[in-house]
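*Asks:* You'll find model_31.txt just under this line, and it carries compact mmCIF, C-alpha atoms.
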```
# COMPACT_ATOMS: atom_id res chain seq x y z
CA MET A 1 -18.84 -31.09 4.14
CA SER A 2 -19.27 -34.81 3.51
CA THR A 3 -22.94 -34.48 4.36
CA THR A 4 -23.62 -32.10 1.50
CA VAL A 5 -21.27 -33.22 -1.25
CA VAL A 6 -22.08 -36.25 -3.34
CA ASN A 7 -19.05 -38.42 -3.90
CA THR A 8 -18.48 -39.53 -7.44
CA GLY A 9 -16.02 -42.28 -6.78
CA THR A 10 -13.46 -40.66 -9.02
CA GLU A 11 -11.73 -38.60 -6.34
CA GLY A 12 -8.00 -38.46 -6.72
CA LYS A 13 -8.17 -38.97 -10.47
CA THR A 14 -7.05 -35.97 -12.51
CA TRP A 15 -10.44 -35.21 -14.02
CA GLY A 16 -12.41 -36.41 -11.08
CA GLY A 17 -13.31 -32.94 -9.89
CA GLY A 18 -12.37 -31.24 -6.67
CA ASN A 19 -8.87 -30.70 -7.92
CA LYS A 20 -7.18 -27.41 -7.25
CA PRO A 21 -5.07 -26.62 -10.27
CA LEU A 22 -1.97 -24.66 -9.31
CA ASP A 23 -2.79 -25.40 -5.68
CA ALA A 24 -4.89 -22.25 -5.47
CA SER A 25 -8.62 -22.11 -4.85
CA TYR A 26 -10.91 -20.92 -7.62
CA GLY A 27 -11.54 -17.55 -6.01
CA LYS A 28 -7.90 -16.80 -5.36
CA MET A 29 -6.82 -17.78 -8.84
CA MET A 30 -9.53 -15.65 -10.44
CA MET A 31 -8.49 -12.73 -8.24
CA TRP A 32 -4.95 -13.16 -9.56
CA PHE A 33 -6.15 -13.18 -13.16
CA PHE A 34 -8.30 -10.11 -12.53
CA ILE A 35 -5.24 -8.40 -11.07
CA VAL A 36 -3.22 -9.23 -14.18
CA SER A 37 -5.85 -7.67 -16.43
CA ASP A 38 -6.20 -4.62 -14.18
CA ALA A 39 -2.43 -4.25 -14.09
CA LEU A 40 -2.45 -4.18 -17.89
CA THR A 41 -5.11 -1.45 -17.83
CA PHE A 42 -3.00 0.71 -15.56
CA SER A 43 0.10 -0.02 -17.63
CA GLY A 44 -1.82 1.17 -20.67
CA PHE A 45 -2.53 4.48 -18.93
CA LEU A 46 1.01 4.92 -17.66
CA ALA A 47 2.49 3.98 -21.03
CA ALA A 48 0.20 6.54 -22.70
CA TYR A 49 1.47 9.08 -20.17
CA GLY A 50 5.01 8.11 -21.16
CA PHE A 51 4.11 8.52 -24.83
CA SER A 52 2.82 12.06 -24.30
CA ARG A 53 5.78 12.93 -22.14
CA PHE A 54 8.29 11.71 -24.72
CA LYS A 55 6.36 13.61 -27.33
CA PHE A 56 6.83 16.86 -25.37
CA ILE A 57 10.03 15.86 -23.61
CA ASP A 58 11.53 19.37 -23.80
CA SER A 59 8.49 21.17 -22.37
CA TRP A 60 6.84 18.79 -19.88
CA PRO A 61 6.04 20.30 -16.44
CA ILE A 62 8.54 19.53 -13.67
CA ALA A 63 6.63 17.65 -10.95
CA ASP A 64 8.66 19.25 -8.14
CA GLU A 65 7.30 22.64 -9.13
CA VAL A 66 3.71 21.43 -9.41
CA PHE A 67 3.18 19.51 -6.17
CA THR A 68 4.75 21.78 -3.59
CA HIS A 69 2.02 22.06 -1.00
CA PHE A 70 1.51 20.51 2.41
CA PRO A 71 -1.77 20.85 4.35
CA PHE A 72 -1.75 23.64 6.97
CA LEU A 73 1.63 24.88 5.78
CA HIS A 74 0.82 27.81 3.54
CA GLY A 75 3.56 29.35 1.48
CA VAL A 76 6.05 26.65 2.44
CA ASN A 77 7.79 25.01 -0.49
CA ALA A 78 7.50 21.31 0.37
CA PRO A 79 7.82 19.26 -2.80
CA MET A 80 6.79 15.63 -2.51
CA TYR A 81 6.59 15.39 1.29
CA TYR A 82 2.83 15.00 1.22
CA VAL A 83 2.88 12.34 -1.51
CA ALA A 84 5.57 10.51 0.42
CA PHE A 85 3.25 10.60 3.41
CA MET A 86 0.38 9.25 1.27
CA THR A 87 2.61 6.45 -0.02
CA PHE A 88 3.55 5.55 3.52
CA VAL A 89 -0.12 5.50 4.62
CA LEU A 90 -0.97 3.13 1.79
CA ILE A 91 1.98 0.81 2.49
CA MET A 92 1.02 0.87 6.17
CA SER A 93 -2.56 -0.12 5.38
CA SER A 94 -1.15 -2.89 3.20
CA VAL A 95 0.74 -4.13 6.25
CA THR A 96 -2.35 -4.15 8.46
CA MET A 97 -4.16 -6.01 5.68
CA VAL A 98 -1.52 -8.72 5.47
CA LEU A 99 -1.57 -8.95 9.28
CA ALA A 100 -5.35 -9.47 9.07
CA VAL A 101 -4.78 -12.27 6.55
CA ASP A 102 -2.20 -13.80 8.86
CA ALA A 103 -4.58 -13.59 11.85
CA GLY A 104 -7.22 -15.22 9.64
CA HIS A 105 -4.94 -18.19 9.10
CA HIS A 106 -4.86 -18.61 12.87
CA LEU A 107 -8.68 -18.20 13.02
CA ASN A 108 -8.21 -15.28 15.39
CA LYS A 109 -11.40 -13.29 14.92
CA ALA A 110 -10.54 -10.45 17.31
CA LYS A 111 -7.24 -9.70 15.59
CA VAL A 112 -8.73 -9.91 12.09
CA THR A 113 -11.37 -7.38 13.16
CA ILE A 114 -8.83 -4.89 14.51
CA TYR A 115 -6.50 -5.16 11.52
CA MET A 116 -9.35 -4.88 9.00
CA PHE A 117 -10.55 -1.76 10.82
CA LEU A 118 -7.07 -0.19 10.67
CA THR A 119 -6.84 -1.05 6.96
CA ILE A 120 -10.12 0.75 6.28
CA ILE A 121 -8.94 3.82 8.23
CA GLY A 122 -5.70 3.87 6.22
CA GLY A 123 -7.66 3.66 2.98
CA LEU A 124 -9.90 6.54 4.01
CA ILE A 125 -6.93 8.74 4.95
CA PHE A 126 -5.42 8.03 1.54
CA VAL A 127 -8.59 8.86 -0.41
CA GLY A 128 -9.01 12.03 1.65
CA SER A 129 -5.42 13.06 0.93
CA GLN A 130 -5.96 12.49 -2.74
CA ALA A 131 -9.05 14.70 -2.68
CA TRP A 132 -6.97 17.43 -1.03
CA GLU A 133 -4.25 16.96 -3.63
CA TRP A 134 -6.80 17.34 -6.42
CA GLY A 135 -8.29 20.42 -4.79
CA THR A 136 -4.89 22.10 -4.54
CA PHE A 137 -4.05 21.18 -8.11
CA ILE A 138 -7.37 22.48 -9.50
CA LYS A 139 -7.18 25.71 -7.54
CA GLY A 140 -3.66 26.47 -8.69
CA ASP A 141 -1.30 28.93 -7.13
CA TYR A 142 0.57 31.34 -9.35
CA GLY A 143 -1.54 31.67 -12.48
CA ALA A 144 -0.17 31.92 -16.02
CA VAL A 145 -0.90 33.20 -19.52
CA GLN A 146 -1.70 30.83 -22.35
CA THR A 147 -0.52 31.71 -25.85
CA LYS A 148 -2.29 31.27 -29.17
CA GLY A 149 -0.34 28.07 -29.71
CA GLY A 150 -1.44 26.66 -26.35
CA ASN A 151 1.89 27.22 -24.61
CA ILE A 152 1.99 28.40 -21.02
CA LEU A 153 3.90 31.53 -19.99
CA GLN A 154 4.63 31.79 -16.28
CA PHE A 155 6.12 34.68 -14.32
CA VAL A 156 9.31 34.83 -12.27
CA ASP A 157 11.31 37.59 -10.62
CA THR A 158 14.91 38.35 -11.54
CA ASP A 159 16.14 35.73 -9.04
CA GLY A 160 14.10 33.05 -10.78
CA HIS A 161 11.48 32.70 -8.03
CA ARG A 162 7.87 32.26 -9.16
CA VAL A 163 5.65 35.33 -9.02
CA ALA A 164 1.88 34.97 -8.70
CA LEU A 165 -0.39 37.07 -10.90
CA ARG A 166 -2.03 38.60 -7.82
CA ASP A 167 1.37 40.05 -6.80
CA PHE A 168 1.78 42.35 -9.80
CA VAL A 169 -1.48 42.53 -11.72
CA VAL A 170 -4.28 44.88 -10.76
CA ALA A 171 -7.75 44.07 -11.99
CA ASP A 172 -9.45 46.97 -13.75
CA ALA A 173 -12.46 47.82 -11.62
CA HIS A 174 -14.28 49.21 -14.65
CA ALA A 175 -13.87 46.16 -16.83
CA GLU A 176 -17.05 45.40 -18.72
CA ARG A 177 -16.65 41.69 -19.33
CA THR A 178 -19.02 39.57 -17.23
CA GLN A 179 -19.44 35.83 -17.15
CA HIS A 180 -22.07 34.67 -19.60
CA GLU A 181 -24.64 32.50 -17.88
CA ARG A 182 -27.55 30.53 -19.24
CA LYS A 183 -30.09 32.90 -17.79
CA GLU A 184 -28.60 35.86 -19.69
CA GLY A 185 -29.47 34.66 -23.18
CA LEU A 186 -29.70 31.37 -25.00
CA TRP A 187 -30.40 28.73 -22.36
CA PHE A 188 -27.93 26.30 -23.89
CA VAL A 189 -25.03 28.72 -24.09
CA SER A 190 -22.88 29.42 -21.06
CA GLU A 191 -19.20 29.68 -20.15
CA GLY A 192 -17.00 28.71 -17.25
CA THR A 193 -15.76 30.98 -14.49
CA LEU A 194 -13.83 33.93 -15.87
CA PRO A 195 -10.25 34.34 -14.67
CA THR A 196 -9.59 37.17 -12.21
CA TYR A 197 -7.58 39.16 -14.75
CA THR A 198 -7.52 39.76 -18.48
CA VAL A 199 -4.44 39.51 -20.68
CA GLU A 200 -4.42 43.34 -21.06
CA GLU A 201 -4.31 43.74 -17.29
CA VAL A 202 -1.46 41.23 -17.06
CA LEU A 203 0.44 43.11 -19.78
CA HIS A 204 -0.16 46.37 -17.96
CA GLY A 205 1.07 44.86 -14.67
CA LEU A 206 4.14 43.44 -16.40
CA LYS A 207 4.98 46.84 -17.88
CA SER A 208 4.83 48.54 -14.51
CA HIS A 209 6.94 45.91 -12.68
CA GLU A 210 10.51 46.03 -13.99
CA ASN A 211 11.64 42.94 -12.06
CA VAL A 212 9.06 40.49 -13.44
CA LEU A 213 10.07 38.21 -16.31
CA VAL A 214 8.33 35.56 -18.37
CA ARG A 215 9.29 31.92 -18.11
CA THR A 216 8.42 29.57 -20.99
CA GLN A 217 7.74 25.84 -20.96
CA ILE A 218 10.96 24.96 -22.75
CA ILE A 219 13.46 23.08 -20.58
CA ASN A 220 17.07 24.20 -21.15
CA GLU A 221 20.27 22.17 -20.83
CA ALA A 222 20.40 22.72 -17.07
CA GLY A 223 17.02 21.01 -16.74
CA GLU A 224 15.27 24.26 -15.86
CA LYS A 225 12.57 26.23 -17.64
CA THR A 226 13.82 29.03 -19.91
CA VAL A 227 13.49 32.60 -18.59
CA LEU A 228 13.10 35.29 -21.24
CA SER A 229 14.70 38.72 -21.24
CA ARG A 230 12.64 41.74 -20.21
CA ALA A 231 12.03 42.92 -23.79
CA GLU A 232 11.23 39.42 -25.00
CA SER A 233 8.84 38.92 -22.04
CA LEU A 234 6.81 42.00 -22.94
CA LYS A 235 6.77 41.03 -26.59
CA GLN A 236 5.55 37.47 -25.88
CA ILE A 237 2.65 38.57 -23.68
CA LYS A 238 1.72 41.39 -26.07
CA ASP A 239 1.85 39.39 -29.32
CA ASN A 240 0.94 35.87 -28.24
CA GLY A 241 -0.94 36.11 -24.93
CA LYS A 242 -4.46 34.84 -25.43
CA ALA A 243 -5.95 33.76 -22.12
CA VAL A 244 -5.22 33.98 -18.41
CA VAL A 245 -5.14 30.56 -16.75
CA GLU A 246 -5.60 30.01 -13.03
CA GLY A 247 -5.37 26.43 -11.80
CA ALA A 248 -6.02 23.41 -13.94
CA ASN A 249 -8.88 21.54 -15.55
CA LEU A 250 -9.24 19.25 -18.54
CA HIS A 251 -8.81 22.12 -21.05
CA VAL A 252 -6.17 24.39 -19.58
CA ASN A 253 -3.43 23.97 -17.03
CA GLU A 254 -1.33 26.71 -15.48
CA TYR A 255 1.54 24.29 -14.80
CA GLY A 256 2.22 23.55 -18.47
CA SER A 257 0.85 21.16 -21.05
CA PRO A 258 -2.90 20.47 -20.59
CA LEU A 259 -2.08 16.80 -21.23
CA PHE A 260 -0.27 16.73 -17.90
CA ALA A 261 -3.46 17.71 -16.07
CA ASP A 262 -5.55 15.30 -18.16
CA PHE A 263 -3.32 12.36 -17.28
CA PHE A 264 -3.06 13.47 -13.67
CA PHE A 265 -6.85 13.53 -13.31
CA PHE A 266 -7.34 10.32 -15.24
CA ILE A 267 -4.66 8.12 -13.70
CA THR A 268 -4.83 9.27 -10.09
CA GLY A 269 -8.60 9.41 -10.45
CA PHE A 270 -8.76 5.83 -11.69
CA HIS A 271 -6.44 4.76 -8.92
CA GLY A 272 -8.46 6.70 -6.34
CA PHE A 273 -11.57 4.95 -7.62
CA HIS A 274 -9.82 1.62 -7.01
CA VAL A 275 -8.90 2.68 -3.47
CA PHE A 276 -12.47 3.81 -2.87
CA SER A 277 -13.98 0.54 -4.10
CA GLY A 278 -11.32 -1.32 -2.09
CA VAL A 279 -12.46 0.50 1.04
CA ILE A 280 -16.09 -0.42 0.30
CA ILE A 281 -15.20 -4.09 -0.22
CA ASN A 282 -13.08 -4.03 2.94
CA ILE A 283 -16.02 -2.62 4.90
CA ILE A 284 -18.27 -5.43 3.64
CA ILE A 285 -15.71 -8.04 4.62
CA PHE A 286 -15.16 -6.25 7.95
CA PHE A 287 -18.85 -6.66 8.80
CA ASN A 288 -18.79 -10.29 7.69
CA VAL A 289 -15.88 -10.84 10.08
CA ILE A 290 -17.75 -9.18 12.94
CA LEU A 291 -20.89 -11.20 12.20
CA GLY A 292 -18.78 -14.35 12.39
CA THR A 293 -19.44 -15.54 8.84
CA TYR A 294 -15.87 -16.75 8.38
CA GLU A 295 -15.69 -18.00 11.96
CA ARG A 296 -18.53 -20.41 11.15
CA ARG A 297 -16.90 -21.29 7.84
CA LYS A 298 -13.67 -22.04 9.71
CA ASN A 299 -11.94 -20.32 6.83
CA TYR A 300 -10.86 -16.72 6.37
CA GLU A 301 -9.97 -17.01 2.69
CA MET A 302 -12.33 -14.17 1.77
CA VAL A 303 -10.08 -11.82 3.74
CA GLU A 304 -7.14 -13.15 1.76
CA LYS A 305 -8.88 -12.44 -1.55
CA VAL A 306 -9.77 -8.83 -0.77
CA GLY A 307 -6.27 -8.59 0.66
CA LEU A 308 -4.87 -9.44 -2.76
CA TYR A 309 -6.93 -6.65 -4.30
CA TRP A 310 -5.87 -4.19 -1.62
CA HIS A 311 -2.18 -4.97 -2.09
CA PHE A 312 -2.61 -4.56 -5.81
CA VAL A 313 -3.97 -1.05 -5.27
CA ASP A 314 -0.86 -0.32 -3.21
CA LEU A 315 1.32 -1.82 -5.94
CA VAL A 316 -0.22 0.45 -8.57
CA TRP A 317 0.34 3.49 -6.36
CA VAL A 318 4.03 2.66 -6.10
CA PHE A 319 4.24 3.03 -9.89
CA VAL A 320 2.00 6.10 -10.09
CA PHE A 321 4.16 7.72 -7.40
CA THR A 322 7.33 7.05 -9.40
CA PHE A 323 6.07 8.16 -12.79
CA PHE A 324 4.07 11.20 -11.70
CA TYR A 325 6.14 12.60 -8.87
CA LEU A 326 9.69 11.30 -9.12
CA VAL A 327 10.78 10.67 -12.69
CA MET B 1 -5.98 -25.16 6.18
CA ALA B 2 -2.29 -25.50 6.69
CA HIS B 3 -0.35 -22.51 5.51
CA GLU B 4 3.31 -22.84 4.92
CA HIS B 5 5.11 -19.53 4.57
CA LYS B 6 8.61 -19.20 3.25
CA LEU B 7 10.23 -16.97 5.81
CA ALA B 8 13.51 -16.01 4.16
CA ILE B 9 13.99 -12.89 2.05
CA PHE B 10 16.98 -11.51 0.13
CA ARG B 11 17.71 -15.06 -1.17
CA GLY B 12 18.01 -16.46 2.34
CA LEU B 13 20.17 -13.66 3.70
CA VAL B 14 17.53 -12.62 6.23
CA LYS B 15 15.39 -15.29 7.89
CA PHE B 16 12.40 -14.49 10.06
CA LYS B 17 10.99 -16.58 12.88
CA SER B 18 7.32 -16.03 12.04
CA ASN B 19 5.18 -14.65 9.24
CA THR B 20 4.25 -11.61 11.33
CA GLN B 21 7.90 -10.79 11.87
CA LYS B 22 8.56 -11.10 8.16
CA ILE B 23 5.73 -8.63 7.43
CA TRP B 24 7.26 -6.00 9.73
CA GLY B 25 10.70 -6.68 8.27
CA VAL B 26 9.41 -6.12 4.74
CA LEU B 27 7.64 -2.93 5.89
CA ILE B 28 10.92 -1.56 7.24
CA PHE B 29 12.65 -2.40 3.98
CA LEU B 30 9.92 -0.76 1.86
CA SER B 31 9.97 2.34 4.06
CA ILE B 32 13.73 2.65 3.67
CA VAL B 33 13.45 2.35 -0.12
CA THR B 34 10.69 5.00 -0.21
CA ALA B 35 12.73 7.31 2.01
CA VAL B 36 15.72 6.93 -0.31
CA GLU B 37 13.53 7.75 -3.31
CA VAL B 38 12.09 10.87 -1.70
CA PHE B 39 15.53 11.96 -0.50
CA LEU B 40 17.04 11.58 -3.98
CA GLY B 41 14.01 13.28 -5.52
CA ILE B 42 14.45 16.33 -3.32
CA ILE B 43 18.21 16.85 -3.44
CA LYS B 44 18.65 15.61 -7.05
CA PRO B 45 22.40 14.96 -6.87
CA GLU B 46 24.26 16.55 -9.76
CA SER B 47 26.32 13.39 -10.32
CA LEU B 48 23.21 11.40 -11.27
CA MET B 49 21.97 13.86 -13.88
CA GLY B 50 23.99 12.34 -16.74
CA GLN B 51 22.18 10.58 -19.56
CA VAL B 52 22.16 6.79 -19.47
CA LEU B 53 20.29 4.94 -22.24
CA GLY B 54 18.21 7.98 -23.19
CA MET B 55 17.20 8.91 -19.65
CA LYS B 56 18.76 10.56 -16.61
CA ALA B 57 20.64 8.09 -14.40
CA LEU B 58 18.49 9.29 -11.49
CA ASN B 59 15.32 8.25 -13.32
CA TRP B 60 16.73 4.78 -13.90
CA ILE B 61 17.45 4.52 -10.17
CA PHE B 62 13.85 5.52 -9.41
CA ILE B 63 12.48 2.92 -11.81
CA ILE B 64 14.71 0.15 -10.45
CA LEU B 65 13.81 0.99 -6.84
CA THR B 66 10.13 0.95 -7.83
CA ILE B 67 10.46 -2.51 -9.32
CA VAL B 68 12.24 -3.65 -6.16
CA LYS B 69 9.33 -2.35 -4.09
CA ALA B 70 6.80 -3.98 -6.41
CA TYR B 71 8.68 -7.29 -6.06
CA TYR B 72 8.47 -7.30 -2.27
CA ILE B 73 4.83 -6.19 -2.21
CA THR B 74 3.91 -9.00 -4.60
CA TRP B 75 6.14 -11.67 -3.13
CA ASP B 76 5.60 -11.08 0.59
CA PHE B 77 2.36 -9.12 1.01
CA MET B 78 0.49 -10.96 -1.72
CA HIS B 79 2.23 -14.23 -0.79
CA MET B 80 3.46 -14.89 -4.31
CA ARG B 81 6.50 -16.48 -2.68
CA ASP B 82 4.27 -19.26 -1.36
CA GLU B 83 2.41 -20.00 -4.60
CA LEU B 84 3.37 -22.71 -7.04
CA LYS B 85 5.98 -21.79 -9.61
CA SER B 86 3.48 -22.33 -12.44
CA LEU B 87 0.93 -19.85 -11.02
CA ARG B 88 3.70 -17.37 -10.34
CA ARG B 89 4.97 -17.52 -13.89
CA MET B 90 1.50 -17.34 -15.41
CA VAL B 91 0.77 -14.11 -13.59
CA VAL B 92 4.16 -12.40 -13.54
CA TRP B 93 5.63 -13.26 -16.94
CA THR B 94 2.41 -12.55 -18.83
CA ALA B 95 2.14 -9.11 -17.29
CA ILE B 96 5.83 -8.28 -17.64
CA PHE B 97 6.01 -9.35 -21.28
CA LEU B 98 2.92 -7.40 -22.34
CA ILE B 99 3.90 -4.31 -20.36
CA LEU B 100 7.44 -4.21 -21.76
CA TYR B 101 6.06 -4.63 -25.27
CA LEU B 102 3.54 -1.81 -24.88
CA VAL B 103 5.99 0.53 -23.17
CA PHE B 104 8.63 -0.04 -25.83
CA ILE B 105 6.22 0.71 -28.69
CA LEU B 106 4.66 3.79 -27.13
CA LEU B 107 7.91 5.37 -25.95
CA GLN B 108 9.55 4.71 -29.30
CA GLU B 109 6.63 6.35 -31.08
CA GLY B 110 6.57 9.27 -28.62
CA GLY B 111 10.24 9.95 -29.31
CA TYR B 112 9.59 9.80 -33.03
CA VAL B 113 6.73 12.31 -32.82
CA PHE B 114 8.99 14.59 -30.79
CA ASP B 115 11.61 14.47 -33.56
CA VAL B 116 8.98 15.26 -36.18
CA TYR B 117 7.94 18.35 -34.25
CA LYS B 118 11.54 19.35 -33.65
CA ASP B 119 13.06 18.83 -37.07
CA GLY B 120 10.03 18.87 -39.32
CA PHE B 121 8.08 21.80 -40.64
CA ILE B 122 5.36 21.76 -38.00
CA LYS B 123 5.39 24.89 -35.88
CA ARG B 124 4.00 24.63 -32.37
CA ASP B 125 5.96 27.27 -30.47
CA PHE B 126 3.83 30.36 -30.97
```
Using structure tokens, write down the structure from this file.
*Replies:*
Amino acid sequence: MSTTVVNTGTEGKTWGGGNKPLDASYGKMMMWFFIVSDALTFSGFLAAYGFSRFKFIDSWPIADEVFTHFPFLHGVNAPMYYVAFMTFVLIMSSVTMVLAVDAGHHLNKAKVTIYMFLTIIGGLIFVGSQAWEWGTFIKGDYGAVQTKGGNILQFVDTDGHRVALRDFVVADAHAERTQHERKEGLWFVSEGTLPTYTVEEVLHGLKSHENVLVRTQIINEAGEKTVLSRAESLKQIKDNGKAVVEGANLHVNEYGSPLFADFFFFITGFHGFHVFSGVIINIIIFFNVILGTYERRKNYEMVEKVGLYWHFVDLVWVFVFTFFYLV
Amino acid sequence: MAHEHKLAIFRGLVKFKSNTQKIWGVLIFLSIVTAVEVFLGIIKPESLMGQVLGMKALNWIFIILTIVKAYYITWDFMHMRDELKSLRRMVVWTAIFLILYLVFILLQEGGYVFDVYKDGFIKRDF
């Protein structure tokens, strides 16, 4: 270094330059400050989620009833196991990252390479799992009816178990309603996919199945959703039923308040975007390690800096996990 | 570059011989905490369903366990334990103060809006 840096003769003096305030290099300190600002962004989202939840505290969806699926296990009620697995994958990839940083301190190129590779694999498994989670959430399971006021009416049997629309509703084969597409008329007017059933068909199915009841969004004292009586169920669907909802998107949500789906997409999407960009950055650093860039520099601090970012992504997930799936 | 790692966690209760060992130790601890969270989330013990400070006791346990996890991720994986006290405070206190402030305001307001819907003349259950 002494061959390239001009000495000023003021080394060692406070303002002489070359000082490391807080004993951290420029890059590391800036990474910390970036992390603080990003943490505040995520807190803003999660606090907004909290606001909406407190606003609808007596009708918010119960996460255990929303995320009940596990890949390859169809029809098995497995609340949270898959998210727990995802959390573990992310913590595990955090561990391989910190091991890579540690190997970097010992200038052990082979070990850094292996650990960086494992970190990238962990990140990819996580992003893939999140995509699956989104797919399941969007597709939905049981279906529901939305009322004029935007409330969601779900269906249960007399034992309180959920009943899917397909189990008691028969679609009218002679129904005339078809999806309006751009090619059918005005080129700028179209509509989304029509649900499988209409409200009339649901009402008809409900009438012919004595053991099916309607469950509203309202949470009772026991912490469960309120189940209406048979007469009240028929009346609700008949008077207030407006649209059949299957799955979730930004407008409607068969699990309950549309806000729940909006926040789910926004917060886990923003976090997934962070994981994705983390994987990309990790891949870049991984190739730099293989090419020996840091070996020649005799300094693996770059690995440490992306490591900080990667751990931060893990840290955010710990909070998202708590506030979306547990609380 | 010389890197000094502080190898004791739990206020010196557990000391590790090397940084690598400490990493695995912290992983085991974080896994146990996550397992406890998932376990409690699935069985939902009746005794923890009582209201404490406006929330279920179980939810408070989840939040505290989450902060514990966040502490060990920051302190041991991100090596905050080895940074200077001034850097640590700059990062941690700033974030904690602003987050608490924002959360307090938004949750307070959310509860207020709920009361307006509940006791006011706005009808939304139709």
*Asks:* For chain A versus chain B, which residues have an atom no more than 6 Å away, and what is each residue's nearest atom pair and distance in Å rounded to one decimal, using all atoms listed in the file, chain-then-number order, as JSON lines?
*Replies:*
```
{"residue": "A:Leu22", "atom": "CA", "partner": "B:Leu87", "partner_atom": "CA", "distance": 5.9}
{"residue": "A:Ala47", "atom": "CA", "partner": "B:Val103", "partner_atom": "CA", "distance": 5.4}
{"residue": "A:Phe51", "atom": "CA", "partner": "B:Gly110", "partner_atom": "CA", "distance": 4.6}
{"residue": "A:Phe54", "atom": "CA", "partner": "B:Gly110", "partner_atom": "CA", "distance": 4.9}
{"residue": "A:Lys55", "atom": "CA", "partner": "B:Phe114", "partner_atom": "CA", "distance": 4.5}
{"residue": "A:Val98", "atom": "CA", "partner": "B:Phe77", "partner_atom": "CA", "distance": 5.9}
{"residue": "A:Gly149", "atom": "CA", "partner": "B:Phe126", "partner_atom": "CA", "distance": 4.9}
{"residue": "A:Leu308", "atom": "CA", "partner": "B:Met78", "partner_atom": "CA", "distance": 5.7}
{"residue": "A:Leu315", "atom": "CA", "partner": "B:Ala70", "partner_atom": "CA", "distance": 5.9}
{"residue": "A:Leu326", "atom": "CA", "partner": "B:Gly41", "partner_atom": "CA", "distance": 6.0}
{"residue": "A:Val327", "atom": "CA", "partner": "B:Asn59", "partner_atom": "CA", "distance": 5.2}
```
*Asks:* Would you pick out the contacts of Ala39 in chain A at 9 Å or less, using only C-alpha atoms, so that residues sharing its chain but fewer than 2 positions from it are not included, and give the list as a list in words?
*Replies:*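 These residues fall inside the cut-off: Phe34, Ile35, Val36, Ser37, Thr41, Phe42, Ser43, Gly44, Phe312 and Val316 of chain A; Ala95 and Ile99 of chain B.
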*Asks:* Separation of CA of Phe137 in chain A and CA of Ser93 in chain A, in Å?
*Replies:* 25.3 Å
*Asks:* Could you check the closest approach to Met31 in chain A for each of A:Tyr309, A:Phe88, A:Phe72, A:Phe287 and tell me which residue wins, using only C-alpha atoms?
*Replies:*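 When distances to Met31 in chain A are compared using only C-alpha atoms, the smallest one comes from A:Tyr309.
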*Asks:* Go ahead and compute the interatomic distance for CA of Gln236 in chain A and CA of Ala144 in chain A, in Å to one decimal.
*Replies:*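 So the two atoms, CA of Gln236 in chain A and CA of Ala144 in chain A, lie 12.7 Å apart.
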*Asks:* For Gly140 in chain A, which residue among A:Pro21, A:Gly241, A:Pro195, A:Gly122 is the nearest when counting all atoms listed in the file?
*Replies:* A:Pro195
